[in-house]
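Structure file structure01.txt (compact mmCIF, C-alpha atoms) follows.
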# COMPACT_ATOMS: atom_id res chain seq x y z
CA MET A 28 105.09 -172.15 -95.26
CA GLU A 29 106.26 -169.32 -97.49
CA ILE A 30 103.74 -167.50 -99.70
CA SER A 31 104.93 -165.32 -102.56
CA MET A 32 102.97 -163.21 -105.03
CA ARG A 33 103.86 -162.42 -108.63
CA THR A 34 102.41 -161.66 -112.04
CA ALA A 35 101.48 -164.77 -114.02
CA ARG A 36 103.85 -165.92 -116.76
CA GLN A 37 103.10 -167.91 -119.89
CA GLU A 38 104.63 -171.05 -118.42
CA ASP A 39 102.07 -170.89 -115.59
CA CYS A 40 99.12 -171.43 -117.91
CA GLY A 41 99.01 -175.22 -117.57
CA ARG A 42 98.69 -174.93 -113.78
CA LEU A 43 96.18 -172.09 -114.10
CA MET A 44 94.03 -174.32 -116.33
CA GLU A 45 94.16 -177.03 -113.65
CA LEU A 46 92.87 -174.54 -111.11
CA ILE A 47 90.20 -173.31 -113.54
CA HIS A 48 88.95 -176.89 -113.84
CA GLU A 49 89.01 -177.22 -110.03
CA LEU A 50 86.93 -174.04 -109.74
CA ALA A 51 84.45 -175.26 -112.36
CA LEU A 52 84.05 -178.54 -110.49
CA TYR A 53 83.47 -176.65 -107.23
CA GLU A 54 80.87 -174.49 -109.00
CA LYS A 55 79.15 -177.64 -110.29
CA ALA A 56 79.80 -176.80 -113.95
CA PRO A 57 82.89 -178.72 -115.12
CA GLU A 58 81.44 -179.16 -118.61
CA GLU A 59 81.33 -175.39 -119.07
CA VAL A 60 85.12 -175.08 -119.40
CA THR A 61 85.64 -175.31 -123.14
CA VAL A 62 88.68 -173.05 -123.61
CA THR A 63 91.80 -174.83 -124.82
CA LEU A 64 95.21 -174.30 -123.28
CA GLU A 65 96.38 -172.88 -126.62
CA GLU A 66 93.62 -170.25 -126.69
CA PHE A 67 94.13 -169.46 -123.01
CA VAL A 68 97.84 -168.85 -123.56
CA ASP A 69 97.19 -166.71 -126.65
CA ALA A 70 94.56 -164.63 -124.82
CA GLY A 71 97.01 -163.87 -122.04
CA PHE A 72 100.35 -163.75 -123.81
CA GLY A 73 99.69 -163.51 -127.55
CA LEU A 74 99.77 -160.46 -129.80
CA LYS A 75 96.67 -158.92 -128.21
CA PRO A 76 96.53 -160.05 -124.57
CA VAL A 77 93.16 -159.51 -122.93
CA TRP A 78 93.83 -160.75 -119.40
CA LYS A 79 96.37 -160.43 -116.65
CA ALA A 80 96.72 -162.51 -113.51
CA PHE A 81 98.51 -162.66 -110.21
CA VAL A 82 99.58 -166.00 -108.82
CA ALA A 83 100.24 -166.98 -105.24
CA GLU A 84 102.93 -169.57 -104.74
CA CYS A 85 103.16 -171.65 -101.61
CA ASP A 86 106.48 -173.42 -101.17
CA GLY A 87 107.21 -172.97 -104.89
CA GLN A 88 103.88 -174.27 -106.26
CA ILE A 89 101.01 -172.13 -107.54
CA ALA A 90 98.30 -172.42 -104.90
CA GLY A 91 95.93 -169.79 -106.28
CA PHE A 92 95.44 -167.02 -108.78
CA ALA A 93 93.34 -163.99 -109.60
CA LEU A 94 92.67 -163.31 -113.29
CA PHE A 95 91.28 -159.94 -114.34
CA TYR A 96 90.84 -157.52 -117.22
CA THR A 97 89.48 -154.06 -117.97
CA ARG A 98 85.74 -153.73 -118.40
CA TYR A 99 84.10 -150.52 -119.50
CA SER A 100 80.83 -149.29 -118.00
CA THR A 101 79.00 -146.45 -119.70
CA TRP A 102 77.74 -145.50 -116.25
CA LYS A 103 80.93 -145.87 -114.21
CA GLY A 104 83.87 -145.80 -116.66
CA ARG A 105 86.85 -148.17 -116.55
CA ARG A 106 86.35 -150.99 -114.07
CA LEU A 107 88.66 -153.84 -113.16
CA TYR A 108 86.74 -157.09 -113.71
CA LEU A 109 87.89 -160.01 -111.57
CA GLU A 110 87.06 -163.02 -113.73
CA ASP A 111 88.48 -165.86 -111.67
CA PHE A 112 89.74 -165.93 -108.13
CA ILE A 113 90.68 -169.31 -106.69
CA VAL A 114 92.83 -170.87 -104.04
CA THR A 115 93.20 -174.61 -104.38
CA ASP A 116 91.15 -176.50 -101.82
CA ALA A 117 94.21 -177.91 -100.04
CA GLN A 118 95.58 -174.39 -99.38
CA ARG A 119 92.41 -172.57 -98.28
CA GLY A 120 92.30 -170.97 -94.86
CA LYS A 121 95.96 -169.92 -94.88
CA GLY A 122 95.52 -166.28 -95.89
CA ILE A 123 96.40 -166.84 -99.56
CA GLY A 124 93.04 -165.53 -100.78
CA LYS A 125 93.44 -162.31 -98.80
CA ILE A 126 96.93 -161.76 -100.20
CA LEU A 127 95.67 -162.30 -103.77
CA PHE A 128 92.55 -160.18 -103.36
CA ASP A 129 94.50 -157.35 -101.73
CA ARG A 130 96.92 -157.39 -104.68
CA VAL A 131 94.03 -157.04 -107.15
CA VAL A 132 92.61 -154.17 -105.08
CA GLN A 133 96.05 -152.52 -105.26
CA GLU A 134 96.05 -153.01 -109.05
CA ALA A 135 92.64 -151.32 -109.31
CA ARG A 136 93.88 -148.37 -107.25
CA GLU A 137 97.15 -148.01 -109.15
CA GLY A 138 95.33 -148.26 -112.50
CA ASN A 139 92.90 -145.49 -111.51
CA TYR A 140 89.91 -147.72 -112.17
CA SER A 141 86.55 -146.39 -111.00
CA GLY A 142 86.08 -149.63 -109.08
CA MET A 143 86.26 -153.37 -109.37
CA VAL A 144 83.53 -155.89 -110.05
CA TRP A 145 83.10 -159.66 -110.06
CA GLN A 146 80.44 -162.33 -109.76
CA VAL A 147 79.78 -164.78 -106.97
CA LEU A 148 77.26 -167.60 -106.95
CA ASP A 149 74.42 -167.00 -104.52
CA TRP A 150 75.02 -170.36 -102.80
CA ASN A 151 78.77 -169.82 -102.31
CA THR A 152 78.57 -168.75 -98.68
CA PRO A 153 82.33 -168.97 -97.97
CA ALA A 154 83.06 -166.60 -100.86
CA ILE A 155 80.25 -164.21 -99.90
CA ASN A 156 81.52 -164.16 -96.31
CA PHE A 157 85.03 -163.40 -97.61
CA TYR A 158 83.77 -160.47 -99.71
CA ASN A 159 81.66 -159.19 -96.82
CA LYS A 160 84.89 -158.68 -94.86
CA TYR A 161 85.73 -156.04 -97.49
CA ASN A 162 82.26 -154.48 -97.22
CA ALA A 163 81.69 -155.40 -100.87
CA GLY A 164 78.26 -154.80 -102.30
CA VAL A 165 76.66 -158.00 -103.58
CA GLU A 166 73.90 -156.94 -105.93
CA ALA A 167 70.58 -158.66 -106.36
CA GLY A 168 68.26 -158.34 -109.31
CA TRP A 169 70.69 -158.83 -112.18
CA LEU A 170 70.52 -161.97 -114.32
CA ASN A 171 73.44 -163.15 -116.43
CA ALA A 172 72.82 -163.50 -120.14
CA SER A 173 75.10 -165.01 -122.77
CA LEU A 174 75.35 -166.38 -126.29
CA SER A 175 77.75 -169.19 -127.14
CA ALA A 176 79.75 -169.21 -130.38
CA ALA A 177 77.33 -171.82 -131.76
CA GLN A 178 74.37 -169.60 -130.88
CA LEU A 179 76.05 -166.58 -132.50
CA ASP A 180 76.50 -168.58 -135.70
CA LYS A 181 72.77 -169.35 -135.83
CA ILE A 182 71.68 -165.70 -135.70
CA GLU A 183 70.63 -164.46 -139.09
CA ASN A 184 71.63 -160.94 -140.07
Rendering of file as structure tokens:
Amino acid sequence: MEISMRTARQEDCGRLMELIHELALYEKAPEEVTVTLEEFVDAGFGLKPVWKAFVAECDGQIAGFALFYTRYSTWKGRRLYLEDFIVTDAQRGKGIGKILFDRVVQEAREGNYSGMVWQVLDWNTPAINFYNKYNAGVEAGWLNASLSAAQLDKIEN
């Protein structure tokens, strides 16, 4: 088995969307994926790209990816935000996740970010155990809040 790492290309987006759906199913929220392939491609490769990703290929097929972007913290400065990090179920346990994660860590170092942040579900023990190997801090006490586009439209100014 040969594993290679590279920056994602526009033609990878269809496969990345498949993996995004796989991740959403694993996280018990498949209905939450509402982004279209067209919007996903534009957000990564359009006039104003907002994300970048690394893909891991195993024997020529994308087996996993790590998608990230710059987040700004008024307390910490520029931070690399790891939005999605997935290795397809059939390829887990082969070191692909470590290769991907290490590449994102390298990106954070090379970009002079003040650190890197991400979220992990409190029940996702395999992921938490993986991050613990890096001595990552998993914070308690913060709740996620959001407004959907439909909710934004209902707010009166």
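The gap separating CA of His48 in chain A from CA of Thr97 in chain A is 23.2 Å, in Å to one decimal.
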What lies within 6 Å of range 102-115 of chain A using all atoms listed in the file, ignoring chain neighbours under 4 positions off, as a VMD selection string?
chain A and resid 90 to 98 140 to 145
Give the answer as one residue: which of A:Glu66, A:Glu59, A:Asp180, A:Glu166 has the shortest atom-to-atom distance to Asp149 in chain A, using all atoms listed in the file?
A:Glu166
From A:Cys40, A:Pro153, A:Ala172, A:Asn184, residue lying nearest Val82 in chain A [all atoms listed in the file]
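When distances to Val82 in chain A are compared using all atoms listed in the file, the smallest one comes from A:Cys40.
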Hey, which of A:Tyr161, A:Met28, A:Val132, A:Ala154 ends up closest to Asp86 in chain A? Count only C-alpha atoms.
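Nearest candidate to Asp86 in chain A out of A:Tyr161, A:Met28, A:Val132, A:Ala154: A:Met28.
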Could you check how far CA of Asn151 in chain A sits from CA of Gly164 in chain A, in Å to one decimal?
15.0 Å
Rebuild range 85-96 of chain A to all heavy atoms - output it as a PDB file, keeping the file's coordinate frame, please.
ATOM      1  N   CYS A  85     102.953-171.147-102.961  1.00  0.00           N
ATOM      2  CA  CYS A  85     103.160-171.650-101.610  1.00  0.00           C
ATOM      3  C   CYS A  85     104.223-172.737-101.716  1.00  0.00           C
ATOM      4  O   CYS A  85     104.005-173.746-102.392  1.00  0.00           O
ATOM      5  CB  CYS A  85     101.853-172.205-101.064  1.00  0.00           C
ATOM      6  SG  CYS A  85     101.968-172.822 -99.399  1.00  0.00           S
ATOM      7  N   ASP A  86     105.359-172.480-101.097  1.00  0.00           N
ATOM      8  CA  ASP A  86     106.480-173.420-101.170  1.00  0.00           C
ATOM      9  C   ASP A  86     106.823-173.799-102.613  1.00  0.00           C
ATOM     10  O   ASP A  86     107.056-174.957-102.931  1.00  0.00           O
ATOM     11  CB  ASP A  86     106.197-174.664-100.329  1.00  0.00           C
ATOM     12  CG  ASP A  86     106.050-174.334 -98.850  1.00  0.00           C
ATOM     13  OD1 ASP A  86     106.717-173.379 -98.386  1.00  0.00           O
ATOM     14  OD2 ASP A  86     105.264-175.012 -98.166  1.00  0.00           O
ATOM     15  N   GLY A  87     106.791-172.783-103.505  1.00  0.00           N
ATOM     16  CA  GLY A  87     107.210-172.970-104.890  1.00  0.00           C
ATOM     17  C   GLY A  87     106.154-173.491-105.846  1.00  0.00           C
ATOM     18  O   GLY A  87     106.412-173.622-107.038  1.00  0.00           O
ATOM     19  N   GLN A  88     104.943-173.796-105.368  1.00  0.00           N
ATOM     20  CA  GLN A  88     103.880-174.270-106.260  1.00  0.00           C
ATOM     21  C   GLN A  88     102.730-173.278-106.262  1.00  0.00           C
ATOM     22  O   GLN A  88     102.362-172.734-105.211  1.00  0.00           O
ATOM     23  CB  GLN A  88     103.356-175.635-105.837  1.00  0.00           C
ATOM     24  CG  GLN A  88     102.203-176.066-106.734  1.00  0.00           C
ATOM     25  CD  GLN A  88     101.928-177.544-106.707  1.00  0.00           C
ATOM     26  OE1 GLN A  88     102.549-178.293-105.992  1.00  0.00           O
ATOM     27  NE2 GLN A  88     100.988-177.964-107.514  1.00  0.00           N
ATOM     28  N   ILE A  89     102.137-173.053-107.434  1.00  0.00           N
ATOM     29  CA  ILE A  89     101.010-172.130-107.540  1.00  0.00           C
ATOM     30  C   ILE A  89      99.824-172.712-106.782  1.00  0.00           C
ATOM     31  O   ILE A  89      99.334-173.794-107.096  1.00  0.00           O
ATOM     32  CB  ILE A  89     100.638-171.860-109.014  1.00  0.00           C
ATOM     33  CG1 ILE A  89     101.777-171.131-109.714  1.00  0.00           C
ATOM     34  CG2 ILE A  89      99.345-171.049-109.097  1.00  0.00           C
ATOM     35  CD1 ILE A  89     101.590-170.941-111.202  1.00  0.00           C
ATOM     36  N   ALA A  90      99.403-171.979-105.752  1.00  0.00           N
ATOM     37  CA  ALA A  90      98.300-172.420-104.900  1.00  0.00           C
ATOM     38  C   ALA A  90      97.013-171.661-105.200  1.00  0.00           C
ATOM     39  O   ALA A  90      95.937-172.064-104.763  1.00  0.00           O
ATOM     40  CB  ALA A  90      98.671-172.218-103.437  1.00  0.00           C
ATOM     41  N   GLY A  91      97.109-170.570-105.947  1.00  0.00           N
ATOM     42  CA  GLY A  91      95.930-169.790-106.280  1.00  0.00           C
ATOM     43  C   GLY A  91      96.269-168.705-107.272  1.00  0.00           C
ATOM     44  O   GLY A  91      97.443-168.414-107.521  1.00  0.00           O
ATOM     45  N   PHE A  92      95.228-168.128-107.851  1.00  0.00           N
ATOM     46  CA  PHE A  92      95.440-167.020-108.780  1.00  0.00           C
ATOM     47  C   PHE A  92      94.202-166.150-108.851  1.00  0.00           C
ATOM     48  O   PHE A  92      93.106-166.554-108.463  1.00  0.00           O
ATOM     49  CB  PHE A  92      95.842-167.526-110.173  1.00  0.00           C
ATOM     50  CG  PHE A  92      94.714-168.099-110.989  1.00  0.00           C
ATOM     51  CD1 PHE A  92      94.023-167.314-111.893  1.00  0.00           C
ATOM     52  CD2 PHE A  92      94.359-169.432-110.861  1.00  0.00           C
ATOM     53  CE1 PHE A  92      92.982-167.841-112.653  1.00  0.00           C
ATOM     54  CE2 PHE A  92      93.334-169.975-111.609  1.00  0.00           C
ATOM     55  CZ  PHE A  92      92.637-169.171-112.506  1.00  0.00           C
ATOM     56  N   ALA A  93      94.415-164.943-109.346  1.00  0.00           N
ATOM     57  CA  ALA A  93      93.340-163.990-109.600  1.00  0.00           C
ATOM     58  C   ALA A  93      93.551-163.461-111.015  1.00  0.00           C
ATOM     59  O   ALA A  93      94.586-162.876-111.313  1.00  0.00           O
ATOM     60  CB  ALA A  93      93.373-162.852-108.590  1.00  0.00           C
ATOM     61  N   LEU A  94      92.589-163.727-111.889  1.00  0.00           N
ATOM     62  CA  LEU A  94      92.670-163.310-113.290  1.00  0.00           C
ATOM     63  C   LEU A  94      91.672-162.188-113.508  1.00  0.00           C
ATOM     64  O   LEU A  94      90.525-162.270-113.091  1.00  0.00           O
ATOM     65  CB  LEU A  94      92.347-164.507-114.195  1.00  0.00           C
ATOM     66  CG  LEU A  94      92.498-164.278-115.690  1.00  0.00           C
ATOM     67  CD1 LEU A  94      93.000-165.557-116.350  1.00  0.00           C
ATOM     68  CD2 LEU A  94      91.216-163.820-116.346  1.00  0.00           C
ATOM     69  N   PHE A  95      92.120-161.119-114.186  1.00  0.00           N
ATOM     70  CA  PHE A  95      91.280-159.940-114.340  1.00  0.00           C
ATOM     71  C   PHE A  95      91.551-159.255-115.676  1.00  0.00           C
ATOM     72  O   PHE A  95      92.520-159.554-116.370  1.00  0.00           O
ATOM     73  CB  PHE A  95      91.507-158.967-113.179  1.00  0.00           C
ATOM     74  CG  PHE A  95      92.950-158.563-113.016  1.00  0.00           C
ATOM     75  CD1 PHE A  95      93.443-157.429-113.634  1.00  0.00           C
ATOM     76  CD2 PHE A  95      93.821-159.346-112.262  1.00  0.00           C
ATOM     77  CE1 PHE A  95      94.774-157.065-113.503  1.00  0.00           C
ATOM     78  CE2 PHE A  95      95.148-158.986-112.118  1.00  0.00           C
ATOM     79  CZ  PHE A  95      95.623-157.852-112.738  1.00  0.00           C
ATOM     80  N   TYR A  96      90.685-158.320-116.003  1.00  0.00           N
ATOM     81  CA  TYR A  96      90.840-157.520-117.220  1.00  0.00           C
ATOM     82  C   TYR A  96      90.049-156.227-117.060  1.00  0.00           C
ATOM     83  O   TYR A  96      89.309-156.057-116.085  1.00  0.00           O
ATOM     84  CB  TYR A  96      90.383-158.287-118.469  1.00  0.00           C
ATOM     85  CG  TYR A  96      89.007-158.912-118.374  1.00  0.00           C
ATOM     86  CD1 TYR A  96      87.863-158.206-118.700  1.00  0.00           C
ATOM     87  CD2 TYR A  96      88.854-160.231-117.961  1.00  0.00           C
ATOM     88  CE1 TYR A  96      86.606-158.777-118.619  1.00  0.00           C
ATOM     89  CE2 TYR A  96      87.610-160.823-117.873  1.00  0.00           C
ATOM     90  CZ  TYR A  96      86.488-160.087-118.208  1.00  0.00           C
ATOM     91  OH  TYR A  96      85.243-160.672-118.121  1.00  0.00           O
TER      92      TYR A  96
END
